[in-house]
Amino acid sequence: MSPSRRRQCIDHVVKKFDVSERLACRVLGQHRSTQRKVPKGRVDDAALTADIIELAAQYGRYGYRRITALLRDAGWLVNVKRVERIWRQEGLKVPARQPKRGRLWLNDGSCVRLRPERPNHVWSYDFVEDRTHNGRKFRMLNVIDEFTREGLAIRIDRKLRSTDVIDVLSDLFILRGVPGHIRSDNGPEFIAKAVREWIAAVGARTAFIEPGSPWENGYCESFNSKLRDELVNGEIFYSLAEARIVIECWRHHYNTKRPHSSLGYRPPAPAAVPWPAAPPKPAPPATSDVADKPTMH
């Protein structure tokens, strides 16, 4: 029980049973000095609260653990319990957890899963759809490295075919090398003969998931859900060009700044200079990173 709670209990006992404060403290095992001293908050509580509220407003789908990681990057020496206390004190909303999903199991009890062991070991890719303001549909081809969780590319166009898949992968192969395996679902763009033959020709191997088992492509599905939850569901895109710019900025933020829980609340590919720059103590309210936002001329 916290000291403040004990203090409230002693006051309640004194009033209800009409006993002395000395006796009530003795029964509850609390020193009488705790009834005299009023707890004082830390001098930087106001600045820390302002930073938490600012970051929570900027990243509305982040919980207090990711906010803690961003605060530490900003120079705050703060633990997660203090941030959680302020988080709940301010009535901030914690994002709901995703429901757990099962795995695909064989008869011998083994789980069908190719697990990444190093960078460039297993890549995965998948499609996500959305619409611009005029109702026209556009598609996003997302490619990630399953080991580092880095979003390697997001290709956006009204229509994406097997030739576009090859085009995106060939650019990535030139920049990053050929991965050991490429995981995907069984969509026509992925199982097309041209795609399978091209991947085999460059020295990689395909790893198709079982039909109707999206959890086997869990890393890419997780990336897709974060893209929707943190950006696409809250944005109105008035043109395809605007969608490309905004989504590419989000991908850069995801790779270099966004804390990832499975990586110890570090980003997949942190930037050389931490963001935001370490502020003096106490810190002013956090501000948005204007460097990554496109400017319109």
# chains A, B, ... in the order shown; residues from 1 in each chain; ligands from 1
$ residues_around --residues "stretch 134-147 of chain A" --least-positions-apart "2" --cutoff "7 Å" --atoms "only C-alpha atoms" --output "MDAnalysis selection string"
chainID A and resid 116:120 122:132 149:160 219:220
$ residues_around --residues "stretch 237-247 of chain A" --least-positions-apart "2" --cutoff "6 Å" --atoms "only C-alpha atoms" --output "list in words"
Thr132, His133, Cys249 and Trp250 of chain A
$ write_last_selection --atoms "N, CA and C atoms" --output "mmCIF file, in the first residue's frame"
data_model
loop_
_atom_site.group_PDB
_atom_site.id
_atom_site.type_symbol
_atom_site.label_atom_id
_atom_site.label_comp_id
_atom_site.auth_asym_id
_atom_site.auth_seq_id
_atom_site.Cartn_x
_atom_site.Cartn_y
_atom_site.Cartn_z
ATOM 1 N N THR A 132 -8.260 7.314 -52.212
ATOM 2 C CA THR A 132 -8.067 8.754 -52.143
ATOM 3 C C THR A 132 -9.417 9.432 -51.884
ATOM 4 N N HIS A 133 -9.381 10.746 -51.713
ATOM 5 C CA HIS A 133 -10.570 11.492 -51.327
ATOM 6 C C HIS A 133 -11.708 11.360 -52.344
ATOM 7 N N CYS A 249 7.149 9.389 -45.771
ATOM 8 C CA CYS A 249 7.602 10.035 -44.530
ATOM 9 C C CYS A 249 7.320 9.149 -43.328
ATOM 10 N N TRP A 250 6.160 8.503 -43.329
ATOM 11 C CA TRP A 250 5.841 7.590 -42.222
ATOM 12 C C TRP A 250 6.802 6.412 -42.201
#
$ atom_distance --atom1 "atom CA of A:Gln58" --atom2 "atom CA of A:Gly218"
26.9 Å
$ closest_residue --among "A:Gly60, A:Pro270, A:Gly234, A:Pro259" --to "A:Arg72" --atoms "only C-alpha atoms"
A:Pro259
$ closest_residue --among "A:Ile182, A:Ile53, A:Leu227, A:Ala200" --to "A:Arg88" --atoms "only C-alpha atoms"
A:Ile53
$ atom_distance --atom1 "atom CA of A:Ala24" --atom2 "atom CA of A:Ile10"
5.9 Å
